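Listing of entry_27.pdb, PDB, C-alpha atoms, pLDDT in the B column
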```
ATOM      1  CA  MET K   1       1.635 -14.189  47.652  1.00 57.00           C
ATOM      2  CA  ASN K   2       0.802 -10.533  48.096  1.00 57.00           C
ATOM      3  CA  TRP K   3       2.461  -8.617  50.893  1.00 58.00           C
ATOM      4  CA  SER K   4       3.317  -5.116  51.914  1.00 58.00           C
ATOM      5  CA  THR K   5       5.698  -3.822  54.571  1.00 59.00           C
ATOM      6  CA  SER K   6       6.116  -0.592  56.455  1.00 58.00           C
ATOM      7  CA  PRO K   7       8.076   0.356  59.576  1.00 55.00           C
ATOM      8  CA  VAL K   8       5.120  -0.769  61.688  1.00 60.00           C
ATOM      9  CA  SER K   9       3.320  -3.642  60.003  1.00 69.00           C
ATOM     10  CA  THR K  10       3.331  -6.455  57.462  1.00 69.00           C
ATOM     11  CA  VAL K  11       0.354  -7.920  55.654  1.00 73.00           C
ATOM     12  CA  ALA K  12       0.546 -11.298  53.896  1.00 72.00           C
ATOM     13  CA  ALA K  13      -2.509 -12.386  51.903  1.00 69.00           C
ATOM     14  CA  SER K  14      -2.891 -16.020  50.863  1.00 66.00           C
ATOM     15  CA  PRO K  15       0.636 -17.188  51.661  1.00 60.00           C
ATOM     16  CA  PRO K  16       1.598 -20.170  49.525  1.00 58.00           C
ATOM     17  CA  CYS K  17       1.045 -23.025  52.001  1.00 56.00           C
ATOM     18  CA  SER K  18       0.877 -25.533  49.188  1.00 63.00           C
ATOM     19  CA  ILE K  19       4.570 -24.986  48.450  1.00 70.00           C
ATOM     20  CA  ASP K  20       7.215 -27.318  49.794  1.00 78.00           C
ATOM     21  CA  LYS K  21       8.078 -27.534  53.483  1.00 81.00           C
ATOM     22  CA  GLU K  22      11.207 -25.420  53.032  1.00 84.00           C
ATOM     23  CA  GLY K  23       9.177 -22.583  51.502  1.00 80.00           C
ATOM     24  CA  VAL K  24       6.630 -22.725  54.333  1.00 82.00           C
ATOM     25  CA  ASP K  25       9.466 -22.713  56.884  1.00 86.00           C
ATOM     26  CA  GLN K  26      11.005 -19.643  55.217  1.00 85.00           C
ATOM     27  CA  PHE K  27       7.665 -17.833  55.332  1.00 82.00           C
ATOM     28  CA  VAL K  28       7.101 -18.726  59.004  1.00 85.00           C
ATOM     29  CA  ASN K  29      10.638 -17.631  59.914  1.00 89.00           C
ATOM     30  CA  LEU K  30      10.144 -14.307  58.112  1.00 86.00           C
ATOM     31  CA  MET K  31       6.902 -13.701  60.040  1.00 85.00           C
ATOM     32  CA  LYS K  32       8.653 -14.613  63.326  1.00 87.00           C
ATOM     33  CA  ASP K  33      11.533 -12.224  62.539  1.00 88.00           C
ATOM     34  CA  LEU K  34       9.138  -9.356  61.850  1.00 84.00           C
ATOM     35  CA  ARG K  35       7.190 -10.144  65.012  1.00 84.00           C
ATOM     36  CA  SER K  36      10.405 -10.154  67.073  1.00 86.00           C
ATOM     37  CA  GLU K  37      11.029  -6.614  65.767  1.00 83.00           C
ATOM     38  CA  ASN K  38       7.702  -5.619  67.390  1.00 82.00           C
ATOM     39  CA  LYS K  39       6.025  -5.211  64.030  1.00 82.00           C
ATOM     40  CA  THR K  40       2.362  -5.987  63.562  1.00 81.00           C
ATOM     41  CA  VAL K  41       1.937  -8.997  61.297  1.00 81.00           C
ATOM     42  CA  ILE K  42      -1.413  -9.777  59.662  1.00 81.00           C
ATOM     43  CA  VAL K  43      -1.747 -13.032  57.735  1.00 82.00           C
ATOM     44  CA  ALA K  44      -4.880 -13.918  55.760  1.00 81.00           C
ATOM     45  CA  SER K  45      -4.959 -17.504  54.551  1.00 81.00           C
ATOM     46  CA  HIS K  46      -7.345 -20.240  53.492  1.00 79.00           C
ATOM     47  CA  ASP K  47      -4.919 -22.848  54.825  1.00 78.00           C
ATOM     48  CA  GLU K  48      -3.419 -23.790  58.173  1.00 79.00           C
ATOM     49  CA  ILE K  49       0.192 -22.654  58.388  1.00 80.00           C
ATOM     50  CA  PRO K  50       2.250 -25.113  60.466  1.00 77.00           C
ATOM     51  CA  GLY K  51       4.541 -23.406  62.960  1.00 81.00           C
ATOM     52  CA  LEU K  52       2.988 -19.955  62.684  1.00 82.00           C
ATOM     53  CA  VAL K  53       2.837 -18.202  66.059  1.00 80.00           C
ATOM     54  CA  TYR K  54       0.088 -15.685  66.714  1.00 83.00           C
ATOM     55  CA  ASP K  55      -1.333 -13.619  69.547  1.00 85.00           C
ATOM     56  CA  ARG K  56      -4.829 -13.461  68.115  1.00 88.00           C
ATOM     57  CA  ARG K  57      -6.595 -15.569  65.516  1.00 88.00           C
ATOM     58  CA  LEU K  58      -9.904 -14.922  63.813  1.00 88.00           C
ATOM     59  CA  ARG K  59     -11.712 -17.676  61.917  1.00 89.00           C
ATOM     60  CA  MET K  60     -14.218 -16.600  59.289  1.00 88.00           C
ATOM     61  CA  LYS K  61     -16.463 -18.278  56.763  1.00 89.00           C
ATOM     62  CA  ASP K  62     -18.521 -16.490  54.130  1.00 91.00           C
ATOM     63  CA  GLY K  63     -17.701 -13.154  55.778  1.00 88.00           C
ATOM     64  CA  ILE K  64     -19.009 -14.251  59.192  1.00 92.00           C
ATOM     65  CA  LEU K  65     -16.778 -14.394  62.266  1.00 92.00           C
ATOM     66  CA  LEU K  66     -16.901 -17.963  63.575  1.00 94.00           C
ATOM     67  CA  ALA K  67     -14.329 -17.830  66.354  1.00 93.00           C
ATOM     68  CA  GLU K  68     -11.728 -15.658  67.989  1.00 92.00           C
ATOM     69  CA  GLU K  69      -8.789 -17.387  69.609  1.00 87.00           C
TER      70      GLU K  69
END
```

Whole structure given in structure tokens:
Amino acid sequence: MNWSTSPVSTVAASPPCSIDKEGVDQFVNLMKDLRSENKTVIVASHDEIPGLVYDRRLRMKDGILLAEE
């Protein structure tokens, strides 16, 4: 997983969703903690991440925006 933090935002690229449930839970909890601190969290993933809470979600395929939720 690649990620970078600053006082304002966090970016996580390709979080390891294929890891065990405990690892996924730790990742989701970390993202929730950062979000509760009013930090911007951007997650880019090829996989669904169970339990991840988001305000806005963009779905893309081959560089084309398919949906915005």

### Summary
Separating atom CA of K:Asp62 from atom CA of K:His46, to the nearest tenth of an Å, is a gap of 11.8 Å

### Query
What does the distance from atom CA of K:Gln26 to atom CA of K:Arg59 come to in Å, to one decimal?
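Rounded to one decimal, the two atoms are 23.8 Å apart.
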
### Query
Which residues, written as JSON, numbers by chain, have at least one atom at most 9 Å from K:Leu58, with all atoms listed in the file counted and residues fewer than 2 positions away on the same chain left out?
{"K": [56, 60, 65, 66, 67, 68, 69]}

### Task
Quick one: apply the PyMOL selection byres ((chain K and resi 41) around 8) to the file and drop the selected residues here as a list in words.
Ser9, Thr10, Val11, Ala12, Met31, Leu34, Arg35, Lys39, Thr40, Ile42 and Val43 of chain K

### Query
What is the atom CA of K:Gly23-atom CA of K:Ala44 distance in Å, reported with one decimal?
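If I compute the distance from atom CA of K:Gly23 to atom CA of K:Ala44, I get 17.1 Å.
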
### Message
Just checking: using only C-alpha atoms, which residue out of K:Asn38, K:Asp55, K:Ile64, K:Pro50 ends up closest to K:Asp25?
### Response
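For K:Asp25, the nearest of the given residues is K:Pro50.
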
So for stretch 33-45 of chain K, what box centre and size do we get, axis-aligned, 4 Å extra on each of the six sides, every listed atom, Å to one decimal, as AutoDock Vina command-line options?
```
--center_x 3.3 --center_y -11.4 --center_z 61.0 --size_x 24.5 --size_y 20.3 --size_z 20.8
```

### Message
Once the PyMOL selection byres ((chain K and resi 47-49) around 8) is applied to the coordinates I shared, what remains selected? I want it as a PyMOL selection string.
### Response
chain K and resi 17+24+28+45-46+50-52
